[in-house]
Structure formats: C-alpha cells, structure tokens
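Q: Following this message is one structure expressed as structure tokens.
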Amino acid sequence: MSIRVRFAPSPTGYLHIGGARTALFNWLYARHTGGTFILRIEDTDEARNSQEAVDVILSGLRWMGLDWDEGPQTGAANGPSKGERGPYFQSQRKAIYQKRVQELKEKGLAYDHEGAVKFRMQREPVVIPDLVVGNVTRELTDREKMDPDFVIVRSDGQPVFHLVNVIDDLEMAITHVIRGEDHLSNTAKHIALFKAFGVAPPNYAHIPLILNKDGSKMSKRDTGASLTGYIEEGYAPEAVVNYLSLLGWSPKGNREVVPLKEVIELFDLPQVLRHNARFDLDKLHWINGEYIKGMDAPRFGQLAQEALVAAGVSTAGCDAAYVAAAFATAKEKVKQFREIPAFTDFYFKDAIVPDAEAAAKSFVPENKPRVEKLRAAFAQIAAFDAVSLEQTLKAICAELGVKAGVLVAPVRVACTGRSVGPSLYHLMEILGKERVLKRLDAALTKMD
RNA sequence: GACCCUAUGGUCUAGCGGUUAGGACACCACCCUUUCACGGUGGGAGCCCGGGUUCGAUUCCCGGUAGGGUCGCCA
C-alpha cells in the first residue's frame with residue numbers, strides 16, 4: 001500500500017509556524033516512504049476565505065521547499081490542480097459532502113435537528129491507535145455523556161470541519177493523518193465517522209505542539225507565530241526547515257545541523273517526541289548562522305542582495321566584482337540577513353552619515369592629528385590592499401605610541417558610519433583609496 | 001467541571017534498570033583579535049514531588065503537582 005499523507009490548512013491569511021512544522025513532518029514522511037504528499041485547502045468557512053489567504057499558504061510551503069504531489073497549483077479555488085482525487089478545495093466539494101450526509105441518514109446514523117444535521121455518535125469510549133502516543137482510550141466527557149451526538153451540517157447548510165475532514169481523507173485515500181496534538185481528543189469523532197461510512201480509519205500520528213518561549217500557547221498574535229515573519233526577517237529557508245525538524249524529533253547522535261537529505265532518510269513517526277516543545281529563537285538564529293557560513297558565495301550574494309533591496313539600499317552602478325567582494329566581508333559576520341544592510345550599506349553610499357553615538361566617541365579633537373597623520377600615510381600607499389593598510393596603520397600607531405584600537409575606531413566610523421562592521425582593512429581595500437581618503441577628510445572636519 | 005496528552009539544566013534534546021546523566025543553544029570567565037562575529041579553554045546549571053516494584057530506579061507501575069490540549073451550528 002502506497003502511503004498518502006496530507007496537509008490540510010484553513011486559509012486564515014497566515015501560516016502558523018506550528019502548521020508549517022505539521023506540513024514539514026507530513027512532507028518528510030511522504031519523502032521518507034516514497035509516498036504521496038497532498039495539499040488540501042479547508043476553506044469551508046466562506047466568510048474568511050480569499051485567494052490571498054490561500055496564496056500565503058502556497059508561497060510559505062514553496063519557500064520551505066515543501067512541494068506537493070497533489071493539490072492546487074494556484075490560490076484560486078476553481079483554478080488548476082494536479083492529482084486524480086480533486087478538487088482540492090473543500091469549497092468545490094459540496095456535492096460529495098451532500099451525498100455522504102445522505103448516506104449517513106439512510107443508514108440511520110444521522111438525523112435532522114433544529115435545522116441542522118447531527119451524527120449519532122457512539123456512547124462507548126473510543127480507542128484511538130496513535131503512532132506517536134500509542135493507544136489512547138477516549139472516555140466521554142460530562143458534556144458528551146449528556147449528548148454525545150454532534151452537528152455535522154450547520155443549519156445554514158454548511159458541513160462542519162469534522163465531517164468534511166473525514167470525508168476528504170476517505171475520498172482522497174489518506175493512509176496516515178499526521179497532525180497537531182490539539183486534534184487528538186477530536187479523533188474519537190473522526191474514527192466514529194469512518195466506521196459509520198464503513199471504512200477503516202487511517203493511521204493517526206498526533207505530533208506535539210509548538211509553544212512560546214515561556215510555555216504558553218502560541219497563538220496568531222504572538223510574535224514569531226507566523227512563518228511570514230521568518231521569511232521577512234531574512235532567515236534562510238534551509239535553516240528554518242532544519243530547526244523545525246528538530247522540534248519534536250531528533251536525529252540522535254548529538255546532531256544539530258543536519259542536511260535535509262539526511263533528515264528525510266532518518267525521519268520516522270515512532271521517534272517523534274510526545275511532549276510539546278518551546279520555540280527557541282536563539283537556536284534558530286544560531287542554526288541560521290551555521291547555514292550562512294556553509295553557503296556558497298552566489299547563494300549568499302543572492303539573499304544578501306534581497307536583504308539590501310528590502311532595506312532600500314541599491315547596488316545599481318556597482319560592478320558585480322565589487323558587490324561580491326563587499327558581501328564576502330560580511331558573510332562570516334552575520335547570522336541573519338537582516339543584519340546585512342548594517343554591515344554593507346556603506347559600500348554603496350556616496351556620503352556617510354555617522355552614527356551619532358559612535359561619532360561622539362571617535363570624532364574628538366585629540367584624534368584629529370592622529371587621523372591626519374594616518375591619512376597622509378594612506379595617501380602614500382601604492383598598493384591599497386588589506387596587508388599594506390594594516391602595516392601602515394600599525395606603524396603610525398607605533399609612532400604615536402598608541403594601541404591600534406585608538407586609530408581603528410575613528411577610521412571605522414569615518415568609512416562606515418558605524419562602530420561595528422567587517423574587517424576594517426579589508427573593507428578599506430574594497431572601498432579603494434579614493435573613497436577612503438575622501439571619507440577620512442569628511443570625518444576630519446567633524447573633529448574640532 | 002469532565003476527558004485526553006505530557007514531564008531530563010533557562011531552551012531543544014540523548015538516555016530505554018546499574019552512566020562521573022552526554023550534546024547543542026543561551027549564559028559567565030579567560031584566550032585569540034582592529035570592532036563585531038568566528039574559533040579555543042574553562043565554568044555554573046538538570047532527571048517535578050510522593051509512594052511502590054526491584055539487590056538497584058532518571059528509566060517500570062500508581063497517586064499528586066504542573067504544563068498543554070479537547071469537550072462549538074470555529075477549523
């Protein structure tokens with residue numbers, strides 16, 4: 001039997017990081033087993049459906065590299081799709097639901113009630129076999145003991161989540177339902193529904209939830225809850241995917257940075273952890289830095305370029321070699337692409353507006369003669385390269401009887417406008433003699 | 001309130017009856033150093049509590065506590 005899994009998000013306008021992780025685990029399981037990964041849009045709540053909301057999900061999944069074998073190809077509910085079990089939007093499957101509700105009614109397992117349709121739920125406890133948690137016996141709650149039956153079609157004619165979810169899983173021949181643990185209790189209803197249709201339920205695997213750093217539930221409003229945030233912050237998708245795969249699952253062997261290919265090979269359901277995990281931004285940050293370090297120059301350059309554009313910095317007019325050399329000086333320094341503008345924007349600006357605090361500290365009268373002396377020495381350098389610059393600066397410092405830092409700080413602020421940045425000697429080499437001298441002159445006028 | 005899941009340093013985790021309880025992130029100190037980052041060395045920090053079972057429990061069982069989830073004509 002070929003394994004078929006699905007990710008079935010509701011288009012709410014954003015992609016929850018927990019949802020992204022659920023999608024990832026489904027995708028990993030499909031790729032690990034050679035099965036089929038299906039994307040189904042649960043847009044039964046017409047009030048809040050929009051193509052934009054669906055696009056957020058599609059683009060998020062694509063950003064992570066989670067390609068689906070069956071499902072929609074665009075955000076349009078009636079648009080093109082791939083796969084033989086469509087439509088993949090629930091809003092397009094109403095006839096199927098109506099037919100199935102009729103089936104239940106004919107079997108005497110559903111009945112009309114106050115304009116709605118209710119399902120005749122079994123009164124006995126339901127055993128839920130779960131690949132992650134084990135066998136779970138779900139007893140009825142107080143409320144359910146009073147009335148175990150539940151609505152499957154609202155009085156306005158709309159079928160509810162439990163019903164359509166089960167019907168679609170059934171019609172789409174889903175073999176493994178991998179979803180958040182928040183659905184574990186509800187699974188009793190789903191199993192009862194499958195039985196009512198005379199079909200064996202799929203295998204279930206309820207994965208732990210992702211909580212906030214403080215252990216509270218991560219809801220829409222919490223910062224960091226939306227995948228879009230990480231995309232905009234400039235995280236590398238491979239880093240986010242790596243980090244997410246480590247929440248609730250472990251490759252063992254004290255491994256942290258694991259290439260996706262290996263994750264696919266190692267991933268399996270029985271090893272999924274049973275307890276919730278808290279989202280640790282620090283660790284994501286670190287992993288992102290690891291991926292940046294291992295990135296090749298073209299890929300790094302591409303993402304750095306995007307970060308600059310996002311910050312409104314243009315590299316237009318600079319030749320490719322200059323831009324590449326500039327980025328190379330920042331690559332080992334940043335852990336996040338959001339830091340790129342601060343580390344490289346001075347390469348692409350004509351005039352430097354120094355950071356006020358840094359200027360106040362470095363642009364002081366006593367530094368003026370020192371920088372003047374250094375400027376004169378720089379002007380004499382024939383080969384304006386990092387080695388020569390370092391030798392020259394250190395020679396001047398020796399003459400002045402001061403430590404290197406005394407000159408490095410004002411020169412750095414003069415050249416970059418900031419007190420932190422890439423290696424000073426290398427960035428000066430890239431800027432070139434003309435620009436460096438010009439910036440030193442500009443800074444000297446502010447040291448009186 | 002009822003029902004369900006869970007419980008190893010601050011966080012992510014390894015461990016599956018006998019270990020000096022391992023790794024990573026974060027944190028602190030020092031080294032390296034032109035800033036930052038990297039790298040290196042060292043350090044603090046953990047088996048939720050109480051009963052059992054056992055020669056022996058972090059590990060198995062029960063209870064408690066705590067956290068999370070569900071009980072909707074939301075998904």
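Simple scheme: letters A, B, ... for chains in structure tokens order, numbers from 1 for residues in each chain, numbers from 1 for ligands in the order shown.
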Any idea which chain B residues end up within 10 Å of chain A if we count only C-alpha atoms (C1' of nucleotides), as a PyMOL selection string please?
A: chain B and resi 1-7+10-14+22-26+34-38+67-75
Q: Please return as a PyMOL selection string: the residues of range 75-317 of chain A that backbone DSSP assigns to alpha helix (DSSP H).
A: chain A and resi 94-106+142-146+161-171+187-196+227-233+237-245+260-266+281-293+297-310
Q: Find the spatial neighbours of range 373-379 of chain A, counting only C-alpha atoms (C1' of nucleotides), within a cut-off of 9 Å - ignore same-chain residues fewer than 4 positions away - and output them as a PyMOL selection string.
A: chain A and resi 368-369+384+389+392-393+396-397+407+433-434+436-437+440-441
Q: Next, write the just-selected residues to a file, as a PDB file, in the first residue's frame, keeping N, CA, C and O atoms as the atom set.
A:
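So part-v9.pdb came out as:
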ATOM      1  N   LYS A 368      42.133  64.143  15.939  1.00  0.00           N
ATOM      2  CA  LYS A 368      42.327  64.816  14.661  1.00  0.00           C
ATOM      3  C   LYS A 368      43.770  64.710  14.130  1.00  0.00           C
ATOM      4  O   LYS A 368      43.981  64.268  12.997  1.00  0.00           O
ATOM      5  N   PRO A 369      44.770  65.091  14.959  1.00  0.00           N
ATOM      6  CA  PRO A 369      46.147  64.972  14.451  1.00  0.00           C
ATOM      7  C   PRO A 369      46.524  63.526  14.130  1.00  0.00           C
ATOM      8  O   PRO A 369      47.269  63.272  13.174  1.00  0.00           O
ATOM      9  N   PHE A 384      46.963  49.635  -2.465  1.00  0.00           N
ATOM     10  CA  PHE A 384      45.995  49.889  -1.387  1.00  0.00           C
ATOM     11  C   PHE A 384      45.287  48.592  -1.006  1.00  0.00           C
ATOM     12  O   PHE A 384      44.086  48.415  -1.240  1.00  0.00           O
ATOM     13  N   LEU A 389      47.547  48.250   4.326  1.00  0.00           N
ATOM     14  CA  LEU A 389      46.778  49.148   5.184  1.00  0.00           C
ATOM     15  C   LEU A 389      47.022  48.828   6.653  1.00  0.00           C
ATOM     16  O   LEU A 389      47.194  49.712   7.482  1.00  0.00           O
ATOM     17  N   THR A 392      50.558  49.870   7.604  1.00  0.00           N
ATOM     18  CA  THR A 392      50.646  51.327   7.706  1.00  0.00           C
ATOM     19  C   THR A 392      49.986  51.829   8.986  1.00  0.00           C
ATOM     20  O   THR A 392      50.560  52.633   9.727  1.00  0.00           O
ATOM     21  N   LEU A 393      48.794  51.338   9.234  1.00  0.00           N
ATOM     22  CA  LEU A 393      48.075  51.796  10.431  1.00  0.00           C
ATOM     23  C   LEU A 393      48.855  51.457  11.688  1.00  0.00           C
ATOM     24  O   LEU A 393      48.993  52.277  12.598  1.00  0.00           O
ATOM     25  N   ILE A 396      51.902  53.693  12.144  1.00  0.00           N
ATOM     26  CA  ILE A 396      51.545  55.021  12.656  1.00  0.00           C
ATOM     27  C   ILE A 396      51.240  54.954  14.154  1.00  0.00           C
ATOM     28  O   ILE A 396      51.644  55.820  14.935  1.00  0.00           O
ATOM     29  N   CYS A 397      50.549  53.909  14.536  1.00  0.00           N
ATOM     30  CA  CYS A 397      50.223  53.740  15.953  1.00  0.00           C
ATOM     31  C   CYS A 397      51.496  53.640  16.777  1.00  0.00           C
ATOM     32  O   CYS A 397      51.592  54.208  17.865  1.00  0.00           O
ATOM     33  N   LEU A 407      43.223  54.244  16.640  1.00  0.00           N
ATOM     34  CA  LEU A 407      43.010  54.709  15.266  1.00  0.00           C
ATOM     35  C   LEU A 407      41.915  53.945  14.536  1.00  0.00           C
ATOM     36  O   LEU A 407      41.202  54.492  13.704  1.00  0.00           O
ATOM     37  N   LYS A 433      41.282  53.501  -2.423  1.00  0.00           N
ATOM     38  CA  LYS A 433      41.999  54.657  -1.883  1.00  0.00           C
ATOM     39  C   LYS A 433      41.190  55.964  -1.970  1.00  0.00           C
ATOM     40  O   LYS A 433      41.052  56.689  -0.990  1.00  0.00           O
ATOM     41  N   GLU A 434      40.648  56.191  -3.131  1.00  0.00           N
ATOM     42  CA  GLU A 434      39.962  57.467  -3.353  1.00  0.00           C
ATOM     43  C   GLU A 434      38.825  57.692  -2.356  1.00  0.00           C
ATOM     44  O   GLU A 434      38.728  58.722  -1.703  1.00  0.00           O
ATOM     45  N   VAL A 436      38.261  56.092   0.488  1.00  0.00           N
ATOM     46  CA  VAL A 436      38.709  56.095   1.888  1.00  0.00           C
ATOM     47  C   VAL A 436      39.246  57.478   2.263  1.00  0.00           C
ATOM     48  O   VAL A 436      38.890  58.038   3.305  1.00  0.00           O
ATOM     49  N   LEU A 437      40.097  58.040   1.407  1.00  0.00           N
ATOM     50  CA  LEU A 437      40.666  59.357   1.714  1.00  0.00           C
ATOM     51  C   LEU A 437      39.562  60.414   1.793  1.00  0.00           C
ATOM     52  O   LEU A 437      39.578  61.283   2.665  1.00  0.00           O
ATOM     53  N   LEU A 440      37.798  60.013   5.055  1.00  0.00           N
ATOM     54  CA  LEU A 440      38.624  60.480   6.178  1.00  0.00           C
ATOM     55  C   LEU A 440      38.611  62.010   6.227  1.00  0.00           C
ATOM     56  O   LEU A 440      38.495  62.609   7.303  1.00  0.00           O
ATOM     57  N   ASP A 441      38.666  62.625   5.064  1.00  0.00           N
ATOM     58  CA  ASP A 441      38.623  64.091   5.014  1.00  0.00           C
ATOM     59  C   ASP A 441      37.302  64.612   5.575  1.00  0.00           C
ATOM     60  O   ASP A 441      37.284  65.579   6.344  1.00  0.00           O
TER      61      ASP A 441
END
Q: Just want the 12 Å neighbourhood of U41 in chain B, counted on only C-alpha atoms (C1' of nucleotides), with same-chain residues fewer than 2 positions away dropped. Output as a count of residues only.
A: 6
Q: Provide the C1' of U65 in chain B to CA of Pro270 in chain A distance in Å, to one decimal place.
A: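 For C1' of U65 in chain B relative to CA of Pro270 in chain A, the distance reads 28.6 Å.
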Q: Would you work out the distance separating CA of Pro72 in chain A from CA of Ala236 in chain A, expressed in Å to one decimal?
A: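 It comes out at 25.3 Å.
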Q: Quick one: everything within 7 Å of range 15-21 of chain B, counting only C-alpha atoms (C1' of nucleotides), minus sequence neighbours fewer than 3 positions away in the same chain. Send it as a ChimeraX atom specification.
A: /B:56-57,59
Q: Those same residues, written as a CSV table (one decimal), in the first residue's frame with C-alpha atoms (C1' of nucleotides)?
A:
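Now in again08.csv:
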chain,number,residue,atom,x,y,z
B,56,G,C1',19.4,-1.4,42.5
B,57,A,C1',15.3,3.5,39.8
B,59,U,C1',14.4,4.8,33.3
Q: Quick one: of A:Glu399, A:Glu306, A:Asp67, A:Glu366, who's nearest to Leu28 in chain A, counting only C-alpha atoms?
A: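 Counting only C-alpha atoms, the residue closest to Leu28 in chain A is A:Asp67.
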Q: Using DSSP secondary structure from the backbone, list all strand (DSSP E or B) positions within range 67-196 of chain A, as a PyMOL selection string.
A: chain A and resi 70-72+81-82+89+110-113+116-119+126-130+134-138+150-153+159+176-180
Q: Filtering to N, CA, C and O atoms, could you give me those residues as a short mmCIF file (atom, residue, chain, number, x, y, z; two decimals), in the first residue's frame?
A:
data_model
loop_
_atom_site.label_atom_id
_atom_site.label_comp_id
_atom_site.auth_asym_id
_atom_site.auth_seq_id
_atom_site.Cartn_x
_atom_site.Cartn_y
_atom_site.Cartn_z
N GLU A 70 0.00 16.28 -4.99
CA GLU A 70 -1.38 16.52 -5.42
C GLU A 70 -1.87 17.76 -4.70
O GLU A 70 -1.53 17.96 -3.53
N GLY A 71 -2.68 18.54 -5.40
CA GLY A 71 -3.22 19.74 -4.76
C GLY A 71 -3.31 20.88 -5.73
O GLY A 71 -3.03 20.73 -6.92
N PRO A 72 -3.70 22.03 -5.22
CA PRO A 72 -3.89 23.19 -6.09
C PRO A 72 -2.57 23.72 -6.63
O PRO A 72 -1.53 23.57 -6.01
N SER A 81 -5.28 22.26 -10.80
CA SER A 81 -4.70 21.46 -9.73
C SER A 81 -4.05 20.24 -10.36
O SER A 81 -4.23 19.96 -11.54
N LYS A 82 -3.30 19.52 -9.56
CA LYS A 82 -2.73 18.27 -10.05
C LYS A 82 -3.16 17.15 -9.13
O LYS A 82 -3.33 17.35 -7.93
N PHE A 89 -9.95 21.91 -3.04
CA PHE A 89 -10.53 22.95 -2.20
C PHE A 89 -11.87 22.43 -1.69
O PHE A 89 -12.70 21.98 -2.49
N ALA A 110 -27.49 9.52 11.01
CA ALA A 110 -27.57 10.97 11.09
C ALA A 110 -29.02 11.38 11.02
O ALA A 110 -29.85 10.66 10.44
N TYR A 111 -29.32 12.50 11.64
CA TYR A 111 -30.73 12.93 11.68
C TYR A 111 -30.81 14.45 11.76
O TYR A 111 -29.88 15.12 12.18
N ASP A 112 -31.97 14.95 11.31
CA ASP A 112 -32.19 16.38 11.34
C ASP A 112 -32.51 16.83 12.76
O ASP A 112 -33.20 16.13 13.51
N HIS A 113 -31.98 18.00 13.11
CA HIS A 113 -32.25 18.51 14.45
C HIS A 113 -32.15 20.03 14.44
O HIS A 113 -31.08 20.58 14.20
N ALA A 116 -30.35 21.66 11.67
CA ALA A 116 -29.01 21.14 11.42
C ALA A 116 -29.09 19.63 11.25
O ALA A 116 -30.15 19.03 11.41
N VAL A 117 -27.96 19.02 10.92
CA VAL A 117 -27.92 17.56 10.85
C VAL A 117 -26.93 17.08 11.90
O VAL A 117 -25.81 17.60 11.98
N LYS A 118 -27.36 16.14 12.73
CA LYS A 118 -26.47 15.63 13.77
C LYS A 118 -26.09 14.18 13.51
O LYS A 118 -26.85 13.43 12.89
N PHE A 119 -24.92 13.85 13.97
CA PHE A 119 -24.41 12.48 13.80
C PHE A 119 -24.66 11.68 15.07
O PHE A 119 -24.44 12.17 16.17
N VAL A 126 -13.89 5.47 22.85
CA VAL A 126 -13.26 5.13 21.58
C VAL A 126 -11.77 4.93 21.80
O VAL A 126 -11.12 5.73 22.48
N VAL A 127 -11.25 3.85 21.26
CA VAL A 127 -9.81 3.63 21.35
C VAL A 127 -9.14 4.23 20.11
O VAL A 127 -9.50 3.90 18.99
N ILE A 128 -8.21 5.11 20.35
CA ILE A 128 -7.51 5.77 19.24
C ILE A 128 -6.10 5.20 19.16
O ILE A 128 -5.28 5.45 20.03
N PRO A 129 -5.82 4.43 18.13
CA PRO A 129 -4.45 3.93 17.97
C PRO A 129 -3.62 5.06 17.37
O PRO A 129 -3.98 5.59 16.32
N ASP A 130 -2.54 5.42 18.04
CA ASP A 130 -1.74 6.54 17.55
C ASP A 130 -0.29 6.12 17.43
O ASP A 130 0.28 5.55 18.36
N GLY A 134 0.60 6.15 21.09
CA GLY A 134 0.20 4.82 21.49
C GLY A 134 -1.33 4.73 21.50
O GLY A 134 -1.99 5.60 20.96
N ASN A 135 -1.87 3.68 22.10
CA ASN A 135 -3.33 3.56 22.16
C ASN A 135 -3.90 4.52 23.20
O ASN A 135 -3.50 4.48 24.36
N VAL A 136 -4.82 5.32 22.77
CA VAL A 136 -5.45 6.28 23.68
C VAL A 136 -6.93 5.93 23.78
O VAL A 136 -7.63 5.87 22.77
N THR A 137 -7.39 5.70 25.00
CA THR A 137 -8.81 5.44 25.19
C THR A 137 -9.51 6.74 25.57
O THR A 137 -9.23 7.31 26.62
N ARG A 138 -10.35 7.19 24.69
CA ARG A 138 -11.02 8.46 24.91
C ARG A 138 -12.39 8.19 25.54
O ARG A 138 -13.31 7.71 24.89
N PHE A 150 -23.21 14.98 17.67
CA PHE A 150 -22.69 16.31 17.33
C PHE A 150 -23.12 16.72 15.92
O PHE A 150 -23.44 15.87 15.08
N VAL A 151 -23.14 18.02 15.73
CA VAL A 151 -23.60 18.58 14.46
C VAL A 151 -22.59 18.29 13.36
O VAL A 151 -21.38 18.47 13.55
N ILE A 152 -23.08 17.83 12.22
CA ILE A 152 -22.19 17.63 11.08
C ILE A 152 -22.55 18.57 9.92
O ILE A 152 -21.72 18.81 9.05
N VAL A 153 -23.78 19.06 9.93
CA VAL A 153 -24.16 20.09 8.94
C VAL A 153 -24.89 21.20 9.69
O VAL A 153 -25.86 20.92 10.41
N PRO A 159 -21.44 22.10 5.91
CA PRO A 159 -20.93 20.96 6.68
C PRO A 159 -19.78 21.42 7.58
O PRO A 159 -19.05 22.34 7.22
N HIS A 176 -2.24 8.03 6.29
CA HIS A 176 -1.68 8.50 7.57
C HIS A 176 -2.05 9.95 7.82
O HIS A 176 -1.73 10.81 7.01
N VAL A 177 -2.74 10.16 8.91
CA VAL A 177 -3.10 11.52 9.29
C VAL A 177 -2.09 12.00 10.34
O VAL A 177 -2.08 11.53 11.47
N ILE A 178 -1.21 12.90 9.91
CA ILE A 178 -0.20 13.45 10.80
C ILE A 178 -0.60 14.89 11.08
O ILE A 178 -0.65 15.71 10.17
N ARG A 179 -0.93 15.18 12.31
CA ARG A 179 -1.46 16.50 12.63
C ARG A 179 -1.12 16.86 14.07
O ARG A 179 -0.58 16.05 14.82
N GLY A 180 -1.44 18.06 14.46
CA GLY A 180 -1.14 18.53 15.80
C GLY A 180 -1.92 17.79 16.87
O GLY A 180 -3.01 17.29 16.62
#
Q: At what distance in Å, to one decimal, does CA of Thr315 in chain A lie from CA of Phe348 in chain A?
A: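 Atom-to-atom, CA of Phe348 in chain A to CA of Thr315 in chain A, that is 5.9 Å.
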